[in-house]
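The file run-v4.pdb contains PDB, C-alpha atoms:
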```pdb
ATOM      1  CA  MET A   1       2.002  16.794   2.146  1.00  0.00           C
ATOM      2  CA  SER A   2       1.349  13.308   0.771  1.00  0.00           C
ATOM      3  CA  SER A   3      -0.681  12.396  -2.315  1.00  0.00           C
ATOM      4  CA  PHE A   4      -3.232  10.917   0.063  1.00  0.00           C
ATOM      5  CA  SER A   5      -4.319  14.253   1.596  1.00  0.00           C
ATOM      6  CA  GLY A   6      -8.060  14.359   1.981  1.00  0.00           C
ATOM      7  CA  ILE A   7      -8.165  10.582   2.435  1.00  0.00           C
ATOM      8  CA  LEU A   8      -5.600  10.048   5.208  1.00  0.00           C
ATOM      9  CA  LYS A   9      -4.418  12.249   8.071  1.00  0.00           C
ATOM     10  CA  ASP A  10      -0.761  13.298   7.823  1.00  0.00           C
ATOM     11  CA  ALA A  11      -0.180  12.530  11.524  1.00  0.00           C
ATOM     12  CA  ASP A  12      -1.500   8.974  11.078  1.00  0.00           C
ATOM     13  CA  VAL A  13       0.689   8.412   8.015  1.00  0.00           C
ATOM     14  CA  THR A  14       3.759   9.781   9.837  1.00  0.00           C
ATOM     15  CA  ALA A  15       3.141   7.475  12.819  1.00  0.00           C
ATOM     16  CA  ALA A  16       2.607   4.492  10.499  1.00  0.00           C
ATOM     17  CA  LEU A  17       5.853   5.221   8.621  1.00  0.00           C
ATOM     18  CA  GLN A  18       7.784   5.546  11.889  1.00  0.00           C
ATOM     19  CA  SER A  19       6.486   2.134  12.961  1.00  0.00           C
ATOM     20  CA  VAL A  20       7.987   0.386   9.900  1.00  0.00           C
ATOM     21  CA  GLN A  21      11.450   1.946   9.689  1.00  0.00           C
ATOM     22  CA  ALA A  22      13.233  -1.304  10.512  1.00  0.00           C
ATOM     23  CA  ALA A  23      13.655  -3.904   7.768  1.00  0.00           C
ATOM     24  CA  GLU A  24      11.125  -6.756   8.032  1.00  0.00           C
ATOM     25  CA  SER A  25       8.840  -4.657  10.283  1.00  0.00           C
ATOM     26  CA  PHE A  26       6.205  -3.992   7.595  1.00  0.00           C
ATOM     27  CA  LYS A  27       2.939  -5.916   7.969  1.00  0.00           C
ATOM     28  CA  TYR A  28       0.300  -4.469   5.664  1.00  0.00           C
ATOM     29  CA  LYS A  29      -2.611  -4.919   8.120  1.00  0.00           C
ATOM     30  CA  ASP A  30      -0.758  -3.087  10.901  1.00  0.00           C
ATOM     31  CA  PHE A  31       0.351  -0.326   8.530  1.00  0.00           C
ATOM     32  CA  PHE A  32      -3.147   0.040   7.031  1.00  0.00           C
ATOM     33  CA  ALA A  33      -4.639   0.271  10.544  1.00  0.00           C
ATOM     34  CA  ARG A  34      -2.084   2.852  11.778  1.00  0.00           C
ATOM     35  CA  ALA A  35      -2.278   4.984   8.627  1.00  0.00           C
ATOM     36  CA  GLY A  36      -6.090   4.980   8.649  1.00  0.00           C
ATOM     37  CA  ILE A  37      -6.361   3.001   5.401  1.00  0.00           C
ATOM     38  CA  LEU A  38      -8.455   0.134   6.809  1.00  0.00           C
ATOM     39  CA  GLY A  39     -12.177   0.554   6.337  1.00  0.00           C
ATOM     40  CA  LYS A  40     -12.023   3.248   3.659  1.00  0.00           C
ATOM     41  CA  SER A  41     -14.808   3.242   1.061  1.00  0.00           C
ATOM     42  CA  ASP A  42     -14.376   1.522  -2.317  1.00  0.00           C
ATOM     43  CA  ASP A  43     -14.086   4.975  -3.948  1.00  0.00           C
ATOM     44  CA  GLN A  44     -11.356   6.056  -1.528  1.00  0.00           C
ATOM     45  CA  ALA A  45      -9.562   2.723  -1.998  1.00  0.00           C
ATOM     46  CA  LYS A  46      -9.762   3.181  -5.792  1.00  0.00           C
ATOM     47  CA  THR A  47      -8.224   6.661  -5.489  1.00  0.00           C
ATOM     48  CA  MET A  48      -5.381   5.229  -3.374  1.00  0.00           C
ATOM     49  CA  PHE A  49      -4.947   2.380  -5.871  1.00  0.00           C
ATOM     50  CA  GLU A  50      -4.571   4.881  -8.735  1.00  0.00           C
ATOM     51  CA  ILE A  51      -1.760   6.639  -6.821  1.00  0.00           C
ATOM     52  CA  LEU A  52      -0.005   3.332  -6.077  1.00  0.00           C
ATOM     53  CA  ASP A  53      -0.354   2.138  -9.699  1.00  0.00           C
ATOM     54  CA  GLN A  54       2.511   4.349 -10.811  1.00  0.00           C
ATOM     55  CA  ASP A  55       2.723   3.068 -14.390  1.00  0.00           C
ATOM     56  CA  LYS A  56      -1.095   3.277 -14.803  1.00  0.00           C
ATOM     57  CA  SER A  57      -1.269  -0.356 -15.988  1.00  0.00           C
ATOM     58  CA  GLY A  58      -4.418  -1.033 -13.968  1.00  0.00           C
ATOM     59  CA  PHE A  59      -2.425  -3.226 -11.578  1.00  0.00           C
ATOM     60  CA  ILE A  60       0.016  -2.783  -8.708  1.00  0.00           C
ATOM     61  CA  GLU A  61       2.972  -4.933  -9.712  1.00  0.00           C
ATOM     62  CA  GLU A  62       5.777  -6.249  -7.531  1.00  0.00           C
ATOM     63  CA  ASP A  63       8.150  -3.331  -8.250  1.00  0.00           C
ATOM     64  CA  GLU A  64       5.400  -0.845  -7.313  1.00  0.00           C
ATOM     65  CA  LEU A  65       4.688  -2.766  -4.087  1.00  0.00           C
ATOM     66  CA  LYS A  66       8.396  -2.644  -3.216  1.00  0.00           C
ATOM     67  CA  LYS A  67       8.119   1.190  -3.362  1.00  0.00           C
ATOM     68  CA  PHE A  68       4.805   1.220  -1.435  1.00  0.00           C
ATOM     69  CA  LEU A  69       6.070   3.262   1.536  1.00  0.00           C
ATOM     70  CA  GLN A  70       7.648   5.863  -0.758  1.00  0.00           C
ATOM     71  CA  ASN A  71       4.167   6.836  -1.949  1.00  0.00           C
ATOM     72  CA  PHE A  72       3.623   8.218   1.551  1.00  0.00           C
ATOM     73  CA  SER A  73       7.073   9.810   1.962  1.00  0.00           C
ATOM     74  CA  SER A  74       9.866  10.003  -0.604  1.00  0.00           C
ATOM     75  CA  SER A  75      12.405   9.387   2.166  1.00  0.00           C
ATOM     76  CA  ALA A  76      10.754   6.123   3.292  1.00  0.00           C
ATOM     77  CA  ARG A  77      12.592   2.846   2.735  1.00  0.00           C
ATOM     78  CA  LEU A  78      11.873   0.223   0.099  1.00  0.00           C
ATOM     79  CA  LEU A  79      10.100  -2.919   1.292  1.00  0.00           C
ATOM     80  CA  THR A  80      12.380  -5.954   1.531  1.00  0.00           C
ATOM     81  CA  ASP A  81      11.843  -8.830  -0.894  1.00  0.00           C
ATOM     82  CA  ALA A  82      10.207 -10.876   1.880  1.00  0.00           C
ATOM     83  CA  GLU A  83       7.854  -8.011   2.831  1.00  0.00           C
ATOM     84  CA  THR A  84       7.002  -7.394  -0.825  1.00  0.00           C
ATOM     85  CA  GLN A  85       6.229 -11.092  -1.397  1.00  0.00           C
ATOM     86  CA  ALA A  86       4.038 -11.309   1.726  1.00  0.00           C
ATOM     87  CA  PHE A  87       2.117  -8.159   0.699  1.00  0.00           C
ATOM     88  CA  LEU A  88       1.679  -9.486  -2.852  1.00  0.00           C
ATOM     89  CA  LYS A  89       0.536 -12.889  -1.620  1.00  0.00           C
ATOM     90  CA  ALA A  90      -2.058 -11.258   0.669  1.00  0.00           C
ATOM     91  CA  GLY A  91      -3.467  -9.074  -2.096  1.00  0.00           C
ATOM     92  CA  ASP A  92      -3.179 -11.264  -5.196  1.00  0.00           C
ATOM     93  CA  THR A  93      -6.240 -13.457  -4.781  1.00  0.00           C
ATOM     94  CA  ASP A  94      -6.439 -14.577  -8.434  1.00  0.00           C
ATOM     95  CA  GLY A  95      -2.779 -15.644  -8.632  1.00  0.00           C
ATOM     96  CA  ASP A  96      -1.754 -13.448 -11.594  1.00  0.00           C
ATOM     97  CA  GLY A  97       1.246 -11.993  -9.758  1.00  0.00           C
ATOM     98  CA  LYS A  98      -0.157  -8.485  -9.348  1.00  0.00           C
ATOM     99  CA  ILE A  99      -2.896  -6.652  -7.437  1.00  0.00           C
ATOM    100  CA  GLY A 100      -5.914  -5.306  -9.312  1.00  0.00           C
ATOM    101  CA  VAL A 101      -8.244  -2.575  -8.053  1.00  0.00           C
ATOM    102  CA  GLY A 102     -10.825  -5.066  -6.716  1.00  0.00           C
ATOM    103  CA  GLU A 103      -8.122  -6.998  -4.893  1.00  0.00           C
ATOM    104  CA  PHE A 104      -6.808  -3.756  -3.359  1.00  0.00           C
ATOM    105  CA  GLN A 105     -10.321  -2.780  -2.263  1.00  0.00           C
ATOM    106  CA  SER A 106     -10.596  -6.176  -0.530  1.00  0.00           C
ATOM    107  CA  LEU A 107      -7.281  -5.597   1.272  1.00  0.00           C
ATOM    108  CA  VAL A 108      -8.543  -2.226   2.536  1.00  0.00           C
ATOM    109  CA  LYS A 109     -11.659  -3.926   3.935  1.00  0.00           C
ATOM    110  CA  SER A 110      -9.836  -6.874   5.536  1.00  0.00           C
TER     111      SER A 110
END
```
Structure encoded using structure tokens:
Amino acid sequence: MSSFSGILKDADVTAALQSVQAAESFKYKDFFARAGILGKSDDQAKTMFEILDQDKSGFIEEDELKKFLQNFSSSARLLTDAETQAFLKAGDTDGDGKIGVGEFQSLVKS
């Protein structure tokens, strides 16, 4: 059972994880759509953000993004450097090198 129970359906998360097993196959929009993340409310996005912000700094930093898939399944792979950079670039709208809660909420809506 993932930390996202009550927000996401396990079957959707499993299918999304299976779709990104190969290196360089992760595209956040595709994964968000498959996992049922897209279109969640700001409150639900904030709850997901708090799970992803493992060090509770108030931001999702690059090392936390690299481990993004492992939040859904401990056996999932790490994102590659290229995937991590693309994900960070998409989410980091203010250019500070990390993703804040508002930026994550925007990603969930995009």
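Proximity of A:Ser3, A:Thr80, A:Thr93, A:Gln21 to Leu52 of chain A, computed with all atoms listed in the file, is greatest for A:Ser3.
Between Phe26 of chain A and the candidates A:Leu107, A:Leu88, A:Leu69, A:Ile99, the tightest atom-to-atom separation, counting only C-alpha atoms, involves A:Leu69.
Minimum atom-to-atom distances from A:Glu24, A:Asp53, A:Asp81, A:Asp63 to Phe104 of chain A were compared using all atoms listed in the file, and the lowest value belongs to A:Asp53.
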- Evaluate the PyMOL selection byres ((chain A and resi 45-47) around 12) and report residues as an MDAnalysis selection string: chainID A and resid 3:8 32 36:44 48:53 58:60 100:109
For those residues, write C-alpha atoms to a file as a PDB file, in the frame of the given file.
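Generated file (again.pdb):
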```pdb
ATOM      1  CA  SER A   3      -0.681  12.396  -2.315  1.00  0.00           C
ATOM      2  CA  PHE A   4      -3.232  10.917   0.063  1.00  0.00           C
ATOM      3  CA  SER A   5      -4.319  14.253   1.596  1.00  0.00           C
ATOM      4  CA  GLY A   6      -8.060  14.359   1.981  1.00  0.00           C
ATOM      5  CA  ILE A   7      -8.165  10.582   2.435  1.00  0.00           C
ATOM      6  CA  LEU A   8      -5.600  10.048   5.208  1.00  0.00           C
ATOM      7  CA  PHE A  32      -3.147   0.040   7.031  1.00  0.00           C
ATOM      8  CA  GLY A  36      -6.090   4.980   8.649  1.00  0.00           C
ATOM      9  CA  ILE A  37      -6.361   3.001   5.401  1.00  0.00           C
ATOM     10  CA  LEU A  38      -8.455   0.134   6.809  1.00  0.00           C
ATOM     11  CA  GLY A  39     -12.177   0.554   6.337  1.00  0.00           C
ATOM     12  CA  LYS A  40     -12.023   3.248   3.659  1.00  0.00           C
ATOM     13  CA  SER A  41     -14.808   3.242   1.061  1.00  0.00           C
ATOM     14  CA  ASP A  42     -14.376   1.522  -2.317  1.00  0.00           C
ATOM     15  CA  ASP A  43     -14.086   4.975  -3.948  1.00  0.00           C
ATOM     16  CA  GLN A  44     -11.356   6.056  -1.528  1.00  0.00           C
ATOM     17  CA  MET A  48      -5.381   5.229  -3.374  1.00  0.00           C
ATOM     18  CA  PHE A  49      -4.947   2.380  -5.871  1.00  0.00           C
ATOM     19  CA  GLU A  50      -4.571   4.881  -8.735  1.00  0.00           C
ATOM     20  CA  ILE A  51      -1.760   6.639  -6.821  1.00  0.00           C
ATOM     21  CA  LEU A  52      -0.005   3.332  -6.077  1.00  0.00           C
ATOM     22  CA  ASP A  53      -0.354   2.138  -9.699  1.00  0.00           C
ATOM     23  CA  GLY A  58      -4.418  -1.033 -13.968  1.00  0.00           C
ATOM     24  CA  PHE A  59      -2.425  -3.226 -11.578  1.00  0.00           C
ATOM     25  CA  ILE A  60       0.016  -2.783  -8.708  1.00  0.00           C
ATOM     26  CA  GLY A 100      -5.914  -5.306  -9.312  1.00  0.00           C
ATOM     27  CA  VAL A 101      -8.244  -2.575  -8.053  1.00  0.00           C
ATOM     28  CA  GLY A 102     -10.825  -5.066  -6.716  1.00  0.00           C
ATOM     29  CA  GLU A 103      -8.122  -6.998  -4.893  1.00  0.00           C
ATOM     30  CA  PHE A 104      -6.808  -3.756  -3.359  1.00  0.00           C
ATOM     31  CA  GLN A 105     -10.321  -2.780  -2.263  1.00  0.00           C
ATOM     32  CA  SER A 106     -10.596  -6.176  -0.530  1.00  0.00           C
ATOM     33  CA  LEU A 107      -7.281  -5.597   1.272  1.00  0.00           C
ATOM     34  CA  VAL A 108      -8.543  -2.226   2.536  1.00  0.00           C
ATOM     35  CA  LYS A 109     -11.659  -3.926   3.935  1.00  0.00           C
TER      36      LYS A 109
END
```
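Closest approach to Val20 of chain A among A:Ser74, A:Ala35, A:Ser110, A:Gln54: A:Ala35, based on all atoms listed in the file.
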- Can you work out the spacing between atom CA of Glu62 of chain A and atom CA of Gly95 of chain A in Å, to one decimal? 12.8 Å
